[in-house]
Structure formats: C-alpha cells, structure tokens
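**Q** Have a look at the structure that comes next, please.
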Amino acid sequence: MKDIDFQAIEEAIIQKHINSLKNPESEFAVSMTKLAARLATYAVMEYHKQLQENQSETE
C-alpha cells in the first residue's frame, strides 16, 4: 500500500476550514478547527494502519 502524507492532509483540512470560518481571527474557532482536523486525520491514520496490517496478514 502507498504511503500517505497525513501531515499534508491535516494541513489542507485546517486551511480549508479556517478559510470558511465566519470569524477566522477567533482563536477558539481556529483551535477547534485544528483539533477536529487532527482527530479526523488520526482516525484515517488508524484505519490506514489497520488496512496495511490486514493486507500483510493475507499475503
């Protein structure tokens, strides 16, 4: 399975959502956006890791 740049994905999610905030200067809104992006990225990383482990077991 191909390596994925999760850091780049997380940064793209953060930028996209910060740009769509009604008040992008709000520290709270930006912090919550970053937290949500990190949690989503972590979930995808764990899912990807599980897929790699399952693929290794079937080979």
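Starting from 1 in every chain, residues are counted up; chains themselves are A, B, ... following the order of the structure tokens, and ligands are numbered from 1 as listed.
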Skip A:Val30 itself and residues of its chain fewer than 2 positions away, then list as a PyMOL selection string all residues within 10 Å of it, counting only C-alpha atoms.
**A** chain A and resi 14-15+17-19+21+23-28+32-36
**Q** In chain A, what's helix (DSSP H, G or I) per DSSP? Answer as a PyMOL selection string?
**A** chain A and resi 6-20+27-58
**Q** For the atom pair atom CA of A:Ser20 and atom CA of A:Ile4, what is the interatomic distance in Å to one decimal place?
**A**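 Value for the atom CA of A:Ser20-atom CA of A:Ile4 distance: 25.3 Å.
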**Q** Distance atom CA of A:Lys22-atom CA of A:Ala37, one decimal place?
**A**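 Answer for the atom CA of A:Lys22 to atom CA of A:Ala37 separation: 17.5 Å.
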**Q** Can you pull out the residues contacting A:Gln7? Cut-off 10 Å, using only C-alpha atoms, and skip same-chain residues under 5 positions away; I want them as a list in words.
**A**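 Those residues are Ala12, Ile13, Arg38 and Thr41 of chain A.
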**Q** Would you list the contacts of A:Asp5 as a list in words, taking every protein, DNA or RNA residue within 12 Å and counting only C-alpha atoms, but skipping same-chain residues closer than 2 positions in sequence?
**A** Lys2, Asp3, Gln7, Ala8, Ile9, Glu10, Glu11, Ala12, Thr41, Val44, Met45 and His48 of chain A
**Q** Generate a file of the selected residues that holds N, CA, C and O atoms, formatted as an mmCIF file, in the first residue's frame.
**A**
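Output contents, as saved in out-v3.cif:
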data_model
loop_
_atom_site.group_PDB
_atom_site.id
_atom_site.type_symbol
_atom_site.label_atom_id
_atom_site.label_comp_id
_atom_site.auth_asym_id
_atom_site.auth_seq_id
_atom_site.Cartn_x
_atom_site.Cartn_y
_atom_site.Cartn_z
ATOM 1 N N LYS A 2 0.444 2.266 -0.667
ATOM 2 C CA LYS A 2 1.190 3.501 -0.810
ATOM 3 C C LYS A 2 1.245 4.286 0.504
ATOM 4 O O LYS A 2 0.289 4.288 1.267
ATOM 5 N N ASP A 3 2.400 4.955 0.742
ATOM 6 C CA ASP A 3 2.495 5.828 1.908
ATOM 7 C C ASP A 3 1.669 7.086 1.664
ATOM 8 O O ASP A 3 1.599 7.590 0.549
ATOM 9 N N GLN A 7 0.296 14.469 7.324
ATOM 10 C CA GLN A 7 0.520 15.852 7.761
ATOM 11 C C GLN A 7 -0.020 16.827 6.714
ATOM 12 O O GLN A 7 -0.682 17.807 7.049
ATOM 13 N N ALA A 8 0.234 16.547 5.455
ATOM 14 C CA ALA A 8 -0.258 17.414 4.378
ATOM 15 C C ALA A 8 -1.778 17.400 4.324
ATOM 16 O O ALA A 8 -2.407 18.448 4.105
ATOM 17 N N ILE A 9 -2.364 16.236 4.546
ATOM 18 C CA ILE A 9 -3.824 16.129 4.558
ATOM 19 C C ILE A 9 -4.400 16.974 5.697
ATOM 20 O O ILE A 9 -5.348 17.734 5.506
ATOM 21 N N GLU A 10 -3.800 16.834 6.876
ATOM 22 C CA GLU A 10 -4.272 17.596 8.038
ATOM 23 C C GLU A 10 -4.174 19.097 7.780
ATOM 24 O O GLU A 10 -5.119 19.849 8.043
ATOM 25 N N GLU A 11 -3.050 19.545 7.235
ATOM 26 C CA GLU A 11 -2.868 20.969 6.967
ATOM 27 C C GLU A 11 -3.876 21.471 5.936
ATOM 28 O O GLU A 11 -4.398 22.582 6.065
ATOM 29 N N ALA A 12 -4.168 20.668 4.933
ATOM 30 C CA ALA A 12 -5.152 21.060 3.919
ATOM 31 C C ALA A 12 -6.544 21.180 4.527
ATOM 32 O O ALA A 12 -7.287 22.125 4.220
ATOM 33 N N THR A 41 -7.781 13.235 11.071
ATOM 34 C CA THR A 41 -6.568 12.684 10.460
ATOM 35 C C THR A 41 -6.095 11.462 11.232
ATOM 36 O O THR A 41 -5.695 10.456 10.637
ATOM 37 N N VAL A 44 -8.191 8.475 10.304
ATOM 38 C CA VAL A 44 -7.820 7.959 8.992
ATOM 39 C C VAL A 44 -6.488 7.217 9.073
ATOM 40 O O VAL A 44 -6.310 6.163 8.452
ATOM 41 N N MET A 45 -5.547 7.734 9.847
ATOM 42 C CA MET A 45 -4.248 7.061 10.019
ATOM 43 C C MET A 45 -4.435 5.674 10.632
ATOM 44 O O MET A 45 -3.816 4.697 10.189
ATOM 45 N N HIS A 48 -5.967 3.376 8.074
ATOM 46 C CA HIS A 48 -4.952 3.018 7.083
ATOM 47 C C HIS A 48 -3.989 1.964 7.655
ATOM 48 O O HIS A 48 -3.633 1.003 6.973
#
